[in-house]
file target_10.pdb (PDB, C-alpha atoms and all ligand atoms)
MODEL        1
ATOM      1  CA  MET A 273      69.122  72.215 120.362
ATOM      2  CA  SER A 274      70.839  73.740 123.407
ATOM      3  CA  GLY A 275      71.386  71.282 126.241
ATOM      4  CA  GLY A 276      69.700  71.371 129.593
ATOM      5  CA  PRO A 277      67.465  69.409 131.912
ATOM      6  CA  GLU A 278      64.408  67.639 130.526
ATOM      7  CA  ALA A 279      62.100  70.163 132.160
ATOM      8  CA  SER A 280      63.305  72.858 129.764
ATOM      9  CA  ASP A 281      62.609  70.723 126.715
ATOM     10  CA  GLU A 282      59.711  72.744 125.379
ATOM     11  CA  LEU A 283      59.957  71.215 121.949
ATOM     12  CA  GLY A 284      59.783  67.749 123.464
ATOM     13  CA  MET A 285      56.635  68.667 125.370
ATOM     14  CA  ARG A 286      55.061  69.985 122.210
ATOM     15  CA  LEU A 287      56.037  66.856 120.270
ATOM     16  CA  LYS A 288      54.438  64.698 122.993
ATOM     17  CA  THR A 289      51.038  66.163 122.146
ATOM     18  CA  TYR A 290      51.175  64.296 118.834
ATOM     19  CA  GLU A 291      51.152  60.910 120.558
ATOM     20  CA  GLY A 292      48.034  58.959 119.662
ATOM     21  CA  ARG A 293      47.290  61.012 116.567
ATOM     22  CA  ALA A 294      46.929  59.362 113.191
ATOM     23  CA  ALA A 295      49.899  59.316 110.821
ATOM     24  CA  ALA A 296      47.972  57.638 107.998
ATOM     25  CA  VAL A 297      44.301  56.730 107.746
ATOM     26  CA  ALA A 298      42.727  54.039 105.579
ATOM     27  CA  GLY A 299      45.858  53.517 103.513
ATOM     28  CA  GLN A 300      45.518  50.982 100.733
ATOM     29  CA  GLY A 301      48.123  48.515  99.558
ATOM     30  CA  LYS A 302      49.176  49.292  96.009
ATOM     31  CA  ASP A 303      48.773  45.648  95.014
ATOM     32  CA  PRO A 304      46.882  42.783  96.555
ATOM     33  CA  VAL A 305      49.031  40.087  98.143
ATOM     34  CA  ASN A 306      50.427  38.255  95.112
ATOM     35  CA  LEU A 307      52.663  35.360  94.136
ATOM     36  CA  PRO A 308      55.197  37.294  91.997
ATOM     37  CA  MET A 309      56.119  39.592  94.893
ATOM     38  CA  ILE A 310      56.295  36.592  97.224
ATOM     39  CA  ARG A 311      58.543  34.731  94.797
ATOM     40  CA  HIS A 312      60.893  37.703  94.327
ATOM     41  CA  TRP A 313      61.104  38.209  98.078
ATOM     42  CA  CYS A 314      61.852  34.522  98.708
ATOM     43  CA  GLU A 315      64.541  34.535  96.026
ATOM     44  CA  ALA A 316      66.148  37.668  97.466
ATOM     45  CA  MET A 317      66.076  36.203 100.983
ATOM     46  CA  GLY A 318      67.056  32.698  99.935
ATOM     47  CA  ASP A 319      63.937  31.393 101.686
ATOM     48  CA  THR A 320      62.825  28.070 100.181
ATOM     49  CA  ASN A 321      60.048  27.269 102.668
ATOM     50  CA  PRO A 322      57.405  25.308 100.670
ATOM     51  CA  ALA A 323      54.609  27.115 102.560
ATOM     52  CA  TYR A 324      55.289  30.121 100.285
ATOM     53  CA  GLU A 325      54.736  28.223  97.016
ATOM     54  CA  GLY A 326      51.920  26.555  95.165
ATOM     55  CA  PRO A 327      48.151  26.938  95.119
ATOM     56  CA  ASP A 328      47.806  27.177  98.912
ATOM     57  CA  ALA A 329      50.712  29.569  99.336
ATOM     58  CA  MET A 330      50.816  32.026 102.195
ATOM     59  CA  ALA A 331      52.962  35.162 102.191
ATOM     60  CA  PRO A 332      56.041  35.076 104.418
ATOM     61  CA  PRO A 333      54.923  36.894 107.582
ATOM     62  CA  THR A 334      58.020  39.117 107.472
ATOM     63  CA  MET A 335      56.735  40.543 104.158
ATOM     64  CA  LEU A 336      54.096  42.410 106.171
ATOM     65  CA  GLN A 337      55.529  45.836 105.399
ATOM     66  CA  ALA A 338      56.001  45.016 101.708
ATOM     67  CA  TRP A 339      52.232  45.127 101.174
ATOM     68  CA  THR A 340      51.913  48.648 102.595
ATOM     69  CA  MET A 341      54.960  50.297 101.072
ATOM     70  CA  GLY A 342      54.308  53.271  98.826
ATOM     71  CA  GLY A 343      57.207  52.693  96.450
ATOM     72  CA  LEU A 344      59.032  55.611  94.853
ATOM     73  CA  SER A 345      55.771  57.420  94.125
ATOM     74  CA  GLY A 346      54.763  57.216  97.791
ATOM     75  CA  HIS A 347      51.374  57.143  99.453
ATOM     76  CA  SER A 348      48.992  60.062  99.520
ATOM     77  CA  GLY A 349      47.440  59.082 102.846
ATOM     78  CA  ARG A 350      49.934  60.709 105.247
ATOM     79  CA  SER A 351      48.148  62.858 107.809
ATOM     80  CA  ALA A 352      48.640  66.561 108.362
ATOM     81  CA  ALA A 353      49.522  65.797 111.980
ATOM     82  CA  PHE A 354      52.456  63.610 110.992
ATOM     83  CA  ASP A 355      53.696  66.215 108.500
ATOM     84  CA  GLU A 356      53.470  68.851 111.271
ATOM     85  CA  LEU A 357      55.409  66.675 113.689
ATOM     86  CA  LEU A 358      58.213  66.103 111.194
ATOM     87  CA  GLY A 359      58.107  69.801 110.260
ATOM     88  CA  LEU A 360      58.587  70.853 113.895
ATOM     89  CA  LEU A 361      61.597  68.579 114.138
ATOM     90  CA  ASP A 362      63.052  69.941 110.893
ATOM     91  CA  GLU A 363      62.605  73.521 112.100
ATOM     92  CA  ALA A 364      64.426  72.640 115.321
ATOM     93  CA  GLY A 365      67.407  71.459 113.296
ATOM     94  CA  CYS A 366      66.578  67.754 113.550
ATOM     95  CA  THR A 367      66.797  67.361 109.802
ATOM     96  CA  SER A 368      68.498  63.965 109.689
ATOM     97  CA  VAL A 369      66.665  60.716 110.046
ATOM     98  CA  VAL A 370      67.741  57.167 110.703
ATOM     99  CA  ALA A 371      65.545  54.113 111.112
ATOM    100  CA  THR A 372      66.515  52.435 114.360
ATOM    101  CA  ASP A 373      64.310  49.386 114.769
ATOM    102  CA  CYS A 374      61.196  47.591 113.691
ATOM    103  CA  GLU A 375      58.938  45.196 115.573
ATOM    104  CA  GLN A 376      56.251  43.151 113.914
ATOM    105  CA  GLU A 377      53.451  41.038 115.285
ATOM    106  CA  TYR A 378      51.709  38.498 113.068
ATOM    107  CA  VAL A 379      48.065  37.807 113.790
ATOM    108  CA  ARG A 380      46.990  35.809 110.754
ATOM    109  CA  ALA A 381      48.512  34.692 107.464
ATOM    110  CA  LEU A 382      48.155  36.797 104.331
ATOM    111  CA  ARG A 383      47.418  34.913 101.117
ATOM    112  CA  PRO A 384      47.448  35.828  97.421
ATOM    113  CA  GLY A 385      44.409  37.893  96.568
ATOM    114  CA  ASP A 386      44.117  39.555  99.981
ATOM    115  CA  GLU A 387      43.519  43.291  99.637
ATOM    116  CA  VAL A 388      45.495  45.136 102.285
ATOM    117  CA  THR A 389      44.485  48.295 104.119
ATOM    118  CA  PHE A 390      46.323  49.979 106.948
ATOM    119  CA  ASP A 391      46.140  52.701 109.562
ATOM    120  CA  THR A 392      49.183  54.234 111.178
ATOM    121  CA  VAL A 393      49.269  56.000 114.512
ATOM    122  CA  ILE A 394      52.008  58.102 116.096
ATOM    123  CA  GLU A 395      52.491  55.840 119.065
ATOM    124  CA  SER A 396      55.171  57.680 120.985
ATOM    125  CA  VAL A 397      57.727  60.458 120.847
ATOM    126  CA  SER A 398      60.665  60.089 123.190
ATOM    127  CA  GLU A 399      62.270  62.708 125.376
ATOM    128  CA  ARG A 400      65.234  64.449 123.849
ATOM    129  CA  LYS A 401      68.074  61.963 123.521
ATOM    130  CA  THR A 402      71.712  62.396 122.655
ATOM    131  CA  THR A 403      73.275  59.602 120.631
ATOM    132  CA  LYS A 404      76.579  59.239 118.820
ATOM    133  CA  LEU A 405      74.827  60.473 115.673
ATOM    134  CA  GLY A 406      73.489  63.605 117.321
ATOM    135  CA  THR A 407      70.668  64.887 119.504
ATOM    136  CA  GLY A 408      67.031  64.357 118.660
ATOM    137  CA  TYR A 409      63.855  62.424 119.308
ATOM    138  CA  PHE A 410      62.778  58.851 118.666
ATOM    139  CA  VAL A 411      59.432  58.752 116.896
ATOM    140  CA  THR A 412      57.561  55.443 116.940
ATOM    141  CA  THR A 413      54.670  54.738 114.620
ATOM    142  CA  ARG A 414      52.488  51.639 114.658
ATOM    143  CA  THR A 415      50.791  50.415 111.512
ATOM    144  CA  ASP A 416      47.849  48.010 111.805
ATOM    145  CA  VAL A 417      47.573  45.946 108.640
ATOM    146  CA  ARG A 418      44.165  44.519 107.788
ATOM    147  CA  ALA A 419      43.074  42.251 104.993
ATOM    148  CA  GLY A 420      40.270  40.145 103.633
ATOM    149  CA  PRO A 421      36.568  40.869 103.269
ATOM    150  CA  ASP A 422      36.158  41.228 107.043
ATOM    151  CA  ARG A 423      39.117  43.647 107.307
ATOM    152  CA  ALA A 424      40.554  41.432 110.032
ATOM    153  CA  LEU A 425      43.832  42.415 111.645
ATOM    154  CA  ALA A 426      46.667  40.537 109.927
ATOM    155  CA  GLY A 427      49.546  42.085 111.842
ATOM    156  CA  THR A 428      51.105  45.175 113.295
ATOM    157  CA  HIS A 429      54.287  46.899 112.260
ATOM    158  CA  ARG A 430      56.008  49.175 114.736
ATOM    159  CA  PHE A 431      58.678  51.397 113.256
ATOM    160  CA  ARG A 432      61.035  53.678 115.151
ATOM    161  CA  ILE A 433      63.096  56.484 113.691
ATOM    162  CA  LEU A 434      65.506  58.940 115.235
ATOM    163  CA  LYS A 435      65.033  62.482 113.905
ATOM    164  CA  TYR A 436      68.160  64.322 114.947
ATOM    165  CA  ALA A 437      70.518  67.230 114.525
ATOM    166  CA  PRO A 438      73.798  65.698 113.341
ATOM    167  CA  ALA A 439      76.654  65.965 115.826
ATOM    168  CA  ALA A 440      79.482  68.191 114.639
ATOM    169  CA  ARG A 441      82.394  66.251 113.205
ATOM    170  CA  SER A 442      85.102  65.896 115.802
ATOM    171  CA  ARG A 443      87.886  66.692 113.343
ATOM    172  CA  PRO A 444      86.244  68.945 110.770
ATOM    173  CA  GLN A 445      89.514  70.400 109.481
ATOM    174  CA  GLU A 446      90.984  67.109 108.380
ATOM    175  CA  GLN A 447      90.551  65.832 104.889
ATOM    176  CA  PRO A 448      88.405  62.691 105.184
ATOM    177  CA  ARG A 449      90.400  59.554 104.457
ATOM    178  CA  ARG A 450      89.371  56.485 102.526
ATOM    179  CA  PRO A 451      88.160  53.675 104.788
ATOM    180  CA  ARG A 452      90.914  51.257 105.826
ATOM    181  CA  PRO A 453      90.720  47.651 104.671
ATOM    182  CA  VAL A 454      90.074  45.075 107.371
ATOM    183  CA  VAL A 455      93.220  42.951 107.391
ATOM    184  CA  ASN A 456      92.978  39.592 109.116
ATOM    185  CA  ARG A 457      94.768  36.245 109.104
ATOM    186  CA  ASP A 458      92.783  35.069 106.107
ATOM    187  CA  ASN A 459      93.611  37.991 103.825
ATOM    188  CA  ALA A 460      96.916  39.338 105.192
ATOM    189  CA  GLY A 461      98.806  37.769 102.259
ATOM    190  CA  PHE A 462      96.702  39.715  99.802
ATOM    191  CA  TRP A 463      97.492  43.056 101.453
ATOM    192  CA  GLU A 464     101.197  42.170 101.705
ATOM    193  CA  GLY A 465     101.066  41.639  97.949
ATOM    194  CA  VAL A 466      99.388  45.008  97.436
ATOM    195  CA  GLU A 467     102.194  46.689  99.400
ATOM    196  CA  GLN A 468     104.615  45.214  96.883
ATOM    197  CA  HIS A 469     102.334  46.261  93.993
ATOM    198  CA  ARG A 470     101.421  42.657  93.243
ATOM    199  CA  LEU A 471      97.828  41.466  92.912
ATOM    200  CA  LEU A 472      97.840  37.939  94.319
ATOM    201  CA  ILE A 473      95.102  35.409  93.647
ATOM    202  CA  GLN A 474      94.764  32.413  95.946
ATOM    203  CA  ARG A 475      95.119  28.998  94.300
ATOM    204  CA  CYS A 476      94.080  25.708  95.882
ATOM    205  CA  THR A 477      97.122  23.397  95.869
ATOM    206  CA  SER A 478      94.822  20.385  95.876
ATOM    207  CA  CYS A 479      92.574  21.090  92.865
ATOM    208  CA  THR A 480      94.211  24.320  91.453
ATOM    209  CA  THR A 481      90.918  26.275  91.594
ATOM    210  CA  LEU A 482      91.603  30.008  91.843
ATOM    211  CA  ARG A 483      89.721  32.025  94.416
ATOM    212  CA  PHE A 484      89.147  35.696  95.063
ATOM    213  CA  PRO A 485      88.533  37.349  97.463
ATOM    214  CA  TRP A 486      90.792  35.422  99.787
ATOM    215  CA  LEU A 487      89.205  32.702 101.904
ATOM    216  CA  PRO A 488      90.521  30.150 104.383
ATOM    217  CA  GLY A 489      89.404  27.140 102.312
ATOM    218  CA  CYS A 490      88.653  26.019  98.776
ATOM    219  CA  ASN A 491      84.994  26.254  97.753
ATOM    220  CA  ALA A 492      85.509  23.589  95.100
ATOM    221  CA  CYS A 493      87.134  20.796  97.116
ATOM    222  CA  GLY A 494      87.320  22.002 100.709
ATOM    223  CA  ALA A 495      91.101  21.782 100.955
ATOM    224  CA  LEU A 496      92.836  24.278 103.222
ATOM    225  CA  ASP A 497      96.255  24.490 101.558
ATOM    226  CA  TRP A 498      96.926  27.148  98.994
ATOM    227  CA  ASP A 499      99.576  29.097  97.185
ATOM    228  CA  THR A 500      99.279  32.243  95.117
ATOM    229  CA  LEU A 501      99.291  33.286  91.506
ATOM    230  CA  GLU A 502     100.206  36.839  90.589
ATOM    231  CA  ALA A 503      97.573  38.409  88.345
ATOM    232  CA  SER A 504      98.792  39.651  84.975
ATOM    233  CA  GLY A 505      96.774  42.813  85.604
ATOM    234  CA  GLU A 506      94.640  42.488  82.482
ATOM    235  CA  GLY A 507      90.879  42.403  82.840
ATOM    236  CA  THR A 508      87.518  43.620  81.605
ATOM    237  CA  VAL A 509      84.596  45.323  83.319
ATOM    238  CA  TYR A 510      82.147  42.495  84.008
ATOM    239  CA  SER A 511      79.535  44.735  85.631
ATOM    240  CA  TYR A 512      79.385  48.085  87.379
ATOM    241  CA  VAL A 513      77.179  50.470  89.316
ATOM    242  CA  VAL A 514      77.360  54.257  89.469
ATOM    243  CA  MET A 515      77.205  55.637  93.006
ATOM    244  CA  HIS A 516      75.227  58.861  93.307
ATOM    245  CA  HIS A 517      73.916  58.610  96.851
ATOM    246  CA  PRO A 518      74.554  58.423  99.721
ATOM    247  CA  PRO A 519      77.804  60.400  99.734
ATOM    248  CA  PHE A 520      80.605  58.921 101.833
ATOM    249  CA  PRO A 521      83.517  60.944 103.190
ATOM    250  CA  ALA A 522      86.566  60.763 100.911
ATOM    251  CA  PHE A 523      84.451  59.757  97.925
ATOM    252  CA  ASP A 524      83.229  62.205  95.345
ATOM    253  CA  PRO A 525      80.001  61.011  93.661
ATOM    254  CA  PRO A 526      79.048  60.168  91.018
ATOM    255  CA  TYR A 527      81.657  57.479  90.490
ATOM    256  CA  ALA A 528      81.673  53.998  89.002
ATOM    257  CA  VAL A 529      82.253  50.906  91.116
ATOM    258  CA  ALA A 530      83.272  48.085  88.823
ATOM    259  CA  LEU A 531      83.271  44.328  89.084
ATOM    260  CA  VAL A 532      86.390  43.534  87.061
ATOM    261  CA  GLU A 533      86.918  40.081  85.629
ATOM    262  CA  LEU A 534      90.638  39.381  85.633
ATOM    263  CA  ALA A 535      92.243  37.527  82.730
ATOM    264  CA  GLU A 536      92.753  34.617  85.148
ATOM    265  CA  GLY A 537      88.950  34.305  85.518
ATOM    266  CA  VAL A 538      88.285  35.592  89.040
ATOM    267  CA  ARG A 539      86.408  38.824  89.650
ATOM    268  CA  MET A 540      87.120  41.701  92.008
ATOM    269  CA  ILE A 541      85.406  44.932  92.977
ATOM    270  CA  SER A 542      87.447  48.053  92.354
ATOM    271  CA  ASN A 543      87.407  51.531  90.877
ATOM    272  CA  VAL A 544      87.998  52.425  87.250
ATOM    273  CA  ILE A 545      90.174  55.521  87.302
ATOM    274  CA  GLY A 546      90.814  58.005  84.530
ATOM    275  CA  THR A 547      87.470  57.331  82.833
ATOM    276  CA  PRO A 548      84.345  59.451  83.396
ATOM    277  CA  TYR A 549      81.763  57.491  85.370
ATOM    278  CA  ASP A 550      79.311  57.539  82.461
ATOM    279  CA  LYS A 551      81.867  56.082  80.037
ATOM    280  CA  VAL A 552      82.496  52.950  82.066
ATOM    281  CA  HIS A 553      80.708  50.059  80.385
ATOM    282  CA  ILE A 554      80.452  46.295  80.469
ATOM    283  CA  GLY A 555      83.266  44.738  78.477
ATOM    284  CA  LEU A 556      85.601  47.741  78.849
ATOM    285  CA  PRO A 557      89.185  46.410  78.758
ATOM    286  CA  VAL A 558      91.145  47.583  81.789
ATOM    287  CA  HIS A 559      94.536  47.022  83.328
ATOM    288  CA  LEU A 560      95.755  47.071  86.890
ATOM    289  CA  GLU A 561      97.475  49.981  88.588
ATOM    290  CA  PHE A 562      98.281  50.671  92.204
ATOM    291  CA  GLN A 563      97.036  53.991  93.482
ATOM    292  CA  ARG A 564      98.337  55.649  96.631
ATOM    293  CA  TYR A 565      95.580  57.467  98.560
ATOM    294  CA  ASP A 566      97.550  58.570 101.615
ATOM    295  CA  ASP A 567     100.714  57.679 103.502
ATOM    296  CA  GLU A 568      99.192  54.386 104.677
ATOM    297  CA  LEU A 569      96.870  53.302 101.915
ATOM    298  CA  VAL A 570      97.616  51.841  98.504
ATOM    299  CA  LEU A 571      94.799  50.133  96.602
ATOM    300  CA  PRO A 572      94.626  48.128  93.391
ATOM    301  CA  VAL A 573      92.558  50.043  90.827
ATOM    302  CA  PHE A 574      91.950  49.712  87.111
ATOM    303  CA  ARG A 575      92.430  52.047  84.188
ATOM    304  CA  ALA A 576      90.813  51.674  80.754
ATOM    305  CA  ARG A 577      93.344  50.167  78.365
ATOM    306  CA  GLU A 578      92.461  52.681  75.694
ATOM    307  CA  GLU A 579      91.268  56.235  75.899
ATOM    308  CA  VAL A 580      87.469  56.196  76.175
ATOM    309  CA  ALA A 581      85.888  58.911  74.063
TER     310      ALA A 581
HETATM  311 ZN    ZN B 601      90.433  22.936  95.797
ENDMDL
END
call {"tool": "encode", "arguments": {"input": "target_10.pdb", "output": "structure tokens"}}
result
Amino acid sequence: MSGGPEASDELGMRLKTYEGRAAAVAGQGKDPVNLPMIRHWCEAMGDTNPAYEGPDAMAPPTMLQAWTMGGLSGHSGRSAAFDELLGLLDEAGCTSVVATDCEQEYVRALRPGDEVTFDTVIESVSERKTTKLGTGYFVTTRTDVRAGPDRALAGTHRFRILKYAPAARSRPQEQPRRPRPVVNRDNAGFWEGVEQHRLLIQRCTSCTTLRFPWLPGCNACGALDWDTLEASGEGTVYSYVVMHHPPFPAFDPPYAVALVELAEGVRMISNVIGTPYDKVHIGLPVHLEFQRYDDELVLPVFRAREEVA
């Protein structure tokens, strides 16, 4: 990926020859358009539009891509040309990929029972571009989604990725540091407490409802005035996830991220330290500690109250 004027971009010229070639032909949706998927999508999005319910339901137009997704097992219909294109980019060191944008056009509504088919074309490959992430090429594919007995066009889905060679880290020698918390007027009191090794919970002075994380007003009564209650530090793991991927600088996966329910009743996200990630479990009793990560950063963390076998 040596620099230089566009004219010397031989790879780019070769990539351009893939424009207009098929990326997938006669793909088939894994399921027909169906109410359970529509309902799950609406619940996840918080979309209560009545057009998406009942016997005459239509699918939310923005679900267009959901009907063509291959899931974890993928689709078999990807063309050799698209594999070649991605292979050329990989060989040139453009091994990283990031989705940059998506445009959709809705031609007609999809309804439960519609069987979906799709064709995808490599619409364009950009010239070589240098971004903050690195240098590479934008690859745009367009998927035409068809449905119904007449295979009428239901919509198009244009998807753009950047395939790139990651830019070298500017300070590769330095040990990566944990991300800094965003301290603002609404939560400054919390972080002042942490500096003094105190975990402070906000309490509404009007209705005494506790709240965490810190907010400018009370969700229960709307009052703006508050004081604080210092947490006893006792709690239990209410829920957790184990992070395997993606890796973030300064974190060493796998590790458990816990939602800890404090004895006072509010919940906070934190790390459980001193316990292997696969021994963290719901209901695990934990207590608060303050862990110093570097000369600027102290964070509240939790340790299992008893040794976990
Ligand atoms: Zn209140």
call {"tool": "atom_distance", "arguments": {"input": "target_10.pdb", "atom1": "atom CA of Ala331 of chain A", "atom2": "atom CA of Glu395 of chain A"}}
result
26.7 Å
call {"tool": "residues_near_ligand", "arguments": {"input": "target_10.pdb", "ligand": "ligand ZN 601 (chain B)", "cutoff": "9 Å", "atoms": "all atoms listed in the file", "output": "MDAnalysis selection string"}}
result
chainID A and resid 475:482 489:498
call {"tool": "resolve_selection", "arguments": {"input": "target_10.pdb", "expression": "the PyMOL selection byres (((chain A and resi 419) around 6) and not hetatm)", "output": "list in words"}}
result
Asp386, Glu387, Val388, Arg418, Gly420, Arg423 and Ala424 of chain A
call {"tool": "closest_residue", "arguments": {"input": "target_10.pdb", "among": "A:Val514, A:Val538, A:Leu382, A:Ala329", "to": "Pro304 of chain A", "atoms": "all atoms listed in the file"}}
result
A:Leu382
call {"tool": "residues_near_point", "arguments": {"input": "target_10.pdb", "point": "(78.1, 46.2, 88.3)", "cutoff": "7 Å", "atoms": "all atoms listed in the file", "output": "list in words"}}
result
Tyr510, Ser511, Tyr512, Val513, Val529, Ala530 and Leu531 of chain A
call {"tool": "atom_distance", "arguments": {"input": "target_10.pdb", "atom1": "atom CA of Ser348 of chain A", "atom2": "atom CA of Thr389 of chain A"}}
result
13.4 Å
call {"tool": "atom_distance", "arguments": {"input": "target_10.pdb", "atom1": "atom CA of Pro384 of chain A", "atom2": "atom CA of Ala296 of chain A"}}
result
24.2 Å
call {"tool": "closest_residue", "arguments": {"input": "target_10.pdb", "among": "A:Met335, A:Val417, A:Ala371, A:Ala460", "to": "Asp319 of chain A", "atoms": "all atoms listed in the file"}}
result
A:Met335
call {"tool": "resolve_selection", "arguments": {"input": "target_10.pdb", "expression": "the PyMOL selection byres (((chain A and resi 506) around 8) and not hetatm)", "output": "ChimeraX atom specification"}}
result
/A:503-505,507-508,534-535,557-560
call {"tool": "resolve_selection", "arguments": {"input": "target_10.pdb", "expression": "the PyMOL selection byres (((chain A and resi 400-413) around 6) and not hetatm)", "output": "CSV table (one decimal) with C-alpha atoms, in the frame of the given file"}}
result
chain,number,residue,atom,x,y,z
A,393,VAL,CA,49.3,56.0,114.5
A,394,ILE,CA,52.0,58.1,116.1
A,395,GLU,CA,52.5,55.8,119.1
A,396,SER,CA,55.2,57.7,121.0
A,397,VAL,CA,57.7,60.5,120.8
A,398,SER,CA,60.7,60.1,123.2
A,399,GLU,CA,62.3,62.7,125.4
A,414,ARG,CA,52.5,51.6,114.7
A,430,ARG,CA,56.0,49.2,114.7
A,431,PHE,CA,58.7,51.4,113.3
A,432,ARG,CA,61.0,53.7,115.2
A,433,ILE,CA,63.1,56.5,113.7
A,434,LEU,CA,65.5,58.9,115.2
A,435,LYS,CA,65.0,62.5,113.9
A,436,TYR,CA,68.2,64.3,114.9
A,437,ALA,CA,70.5,67.2,114.5
A,438,PRO,CA,73.8,65.7,113.3
A,439,ALA,CA,76.7,66.0,115.8
call {"tool": "closest_residue", "arguments": {"input": "target_10.pdb", "among": "A:Phe484, A:Phe520, A:Gly555, A:Phe574", "to": "Arg539 of chain A", "atoms": "only C-alpha atoms"}}
result
A:Phe484
call {"tool": "residues_near_point", "arguments": {"input": "target_10.pdb", "point": "(45.7, 57.9, 104.4)", "cutoff": "8 Å", "atoms": "all atoms listed in the file", "output": "list in words"}}
result
Ala295, Ala296, Val297, Ala298, Gly299, Gln300, His347, Ser348, Gly349, Arg350, Ser351 and Asp391 of chain A
call {"tool": "axis_aligned_box", "arguments": {"input": "target_10.pdb", "around": "segment 455-465 of chain A", "padding_each_side": "8 Å", "output": "AutoDock Vina command-line options"}}
result
--center_x 97.0 --center_y 39.1 --center_z 103.5 --size_x 24.4 --size_y 24.0 --size_z 27.2
